[in-house]
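So the structure is just underneath, and the comments pick up after that.
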Amino acid sequence: MKLTRLIVPCVLATALLQGCASSSSTKETSTEDNKTTSNAATTSTKDTNASLKNNNVANPTAFLTETVAAAKKGQLPNVPFTVGQTTYTQVEEQWRKPNLSFLNTANYVQYRVAKKEQIAYGVGIGRGHILYELRAFVADDGKTPLSSISFKAIKKQLGQPSIKTKLGPDRIWSYAAGNFMLKFTGSTKDHTLHHISVYSKVYDDSKQ
């Protein structure tokens with residue numbers, strides 16, 4: 001009888017200890033699961049962002065949408081300057097001296113800032129040495145979104161331009177973008193795009 005009284009409490013104590021250990025193990029596993037889920041979500045977000053960035057190269061529609069949004073701020077995608085705000089001194093601080101400088105009444109200079117992109121950028125310097133225009137030229141190697149954009153695609157997505165202009169062998173389609181103009185310039189002969197630009201008449205004191 002005395003032996004039975006000793007065994008029963010021991011069995012109960014052992015069961016309670018096992019239960020606590022099981023509960024602790026469950027909590028630790030749950031925490032690790034949460035960490036794994038969090039890491040997976042972070043990785044997924046990074047992969048999605050990278051995928052969207054890469055898809056823009058082969059997706060003219062996405063790139064045009066991005067370009068219009070940037071133009072409304074006086075900017076172009078992947079260009080760290082703003083028309084109507086950035087000064088030429090600030091351009092030189094980031095991009096140094098230009099590759100080409102046109103000493104004419106347009107006050108215009110050109111940069112080829114990234115060889116891996118094989119694309120050139122241009123800036124028009126206006127009143128108070130503030131930029132009145134930003135340009136991005138079609139890449140030589142045909143590997144950027146600009147290379148795959150046609151005037152037909154532009155019209156399909158953006159509609160009729162506000163202004164149509166012809167300048168020598170070029171056609172220029174201009175669209176209102178907030179306080180700025182978004183321009184598409186290309187050949188009248190083969191209808192290919194040469195460059196895009198965002199422009200402000202307010203700061204343009206050139207005589208083009």
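Chains: A, B, ... in order of the structure tokens. Residues: from 1 per chain. Ligands: from 1, in order shown.
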*Excluding Val202 (chain A) and any residue of its chain fewer than 6 positions from it, enumerate the residues within 10 Å of it, using only C-alpha atoms, and give them as a VMD selection string.*
chain A and resid 84 126 to 127 132 179 to 180
Okay, now the selection with C-alpha atoms, as an mmCIF file, in the first residue's frame?
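Ended up saving to part_20.cif:
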data_model
loop_
_atom_site.group_PDB
_atom_site.id
_atom_site.type_symbol
_atom_site.label_atom_id
_atom_site.label_comp_id
_atom_site.auth_asym_id
_atom_site.auth_seq_id
_atom_site.Cartn_x
_atom_site.Cartn_y
_atom_site.Cartn_z
ATOM 1 C CA GLY A 84 13.486 72.996 -63.467
ATOM 2 C CA GLY A 126 18.784 77.000 -69.372
ATOM 3 C CA ARG A 127 18.038 80.075 -67.287
ATOM 4 C CA TYR A 132 15.376 72.844 -69.111
ATOM 5 C CA ASN A 179 3.962 71.098 -65.849
ATOM 6 C CA PHE A 180 6.295 69.482 -68.378
#
*Please identify all polymer residues within 6 Å of Ile130 (chain A), counting only C-alpha atoms, omitting same-chain residues fewer than 4 positions from it, and present them as a PyMOL selection string.*
chain A and resi 86-87+125-126
Selected residues, N, CA and C atoms, written as a PDB file, in the first residue's frame, please.
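Below you can see result_22.pdb, which holds the result:
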ATOM      1  N   THR A  86      17.411  70.896 -60.999  1.00  0.00           N
ATOM      2  CA  THR A  86      18.835  70.554 -61.003  1.00  0.00           C
ATOM      3  C   THR A  86      19.645  71.591 -61.781  1.00  0.00           C
ATOM      4  N   THR A  87      20.779  71.981 -61.222  1.00  0.00           N
ATOM      5  CA  THR A  87      21.681  72.908 -61.925  1.00  0.00           C
ATOM      6  C   THR A  87      22.764  72.112 -62.641  1.00  0.00           C
ATOM      7  N   ILE A 125      20.837  73.147 -70.801  1.00  0.00           N
ATOM      8  CA  ILE A 125      21.115  74.057 -69.688  1.00  0.00           C
ATOM      9  C   ILE A 125      20.464  75.403 -69.965  1.00  0.00           C
ATOM     10  N   GLY A 126      19.557  75.794 -69.113  1.00  0.00           N
ATOM     11  CA  GLY A 126      18.784  77.000 -69.372  1.00  0.00           C
ATOM     12  C   GLY A 126      19.012  78.112 -68.373  1.00  0.00           C
TER      13      GLY A 126
END
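Comparing the minimum interatomic distances between Ala153 (chain A) and each of A:Tyr111, A:Tyr121, A:Trp95, A:Phe184, counting only C-alpha atoms, we find that A:Phe184 sits nearest.
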*Can you list, as a ChimeraX atom specification, every residue of region 105-208 of chain A that DSSP puts in strand (DSSP E)?*
/A:108-114,119-125,131-137,163-167,170-177,180-187,193-199
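Take CA of Ser147 (chain A) and CA of His194 (chain A): the distance between them is 8.6 Å.
Between Ile149 (chain A) and the candidates A:Ala71, A:Val83, A:Leu193, A:Val198, the tightest atom-to-atom separation, counting only C-alpha atoms, involves A:Leu193.
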_Just want the 12 Å neighbourhood of Gln160 (chain A), counted on only C-alpha atoms, with same-chain residues fewer than 5 positions away dropped. Output as a ChimeraX atom specification._
/A:151-155,173-176
_Let me make sure I understand: among A:Val79, A:Leu64, A:Ala70, A:Leu146, which one has the smallest atom-to-atom distance to His195 (chain A) if we use only C-alpha atoms?_
A:Leu146
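Distance annotation: of A:Pro98, A:Gly74, A:Gly168, A:Pro80, the residue with the minimal separation from Glu133 (chain A) is A:Gly74; atom set is only C-alpha atoms.
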*What's the 12 Å shell around Ala69 (chain A), counting only C-alpha atoms, without same-chain residues fewer than 3 positions away, as a VMD selection string?*
chain A and resid 62 to 66 72 to 77 176 to 178 180 to 182 198
*Could you please determine the separation between CA of Asp190 (chain A) and CA of Asn99 (chain A) in Å, to one decimal place?*
28.2 Å
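For the choices A:Thr61, A:Ile196, A:Leu131, A:Tyr108, the atom-to-atom distance to Phe81 (chain A) is smallest for A:Leu131 when using only C-alpha atoms.
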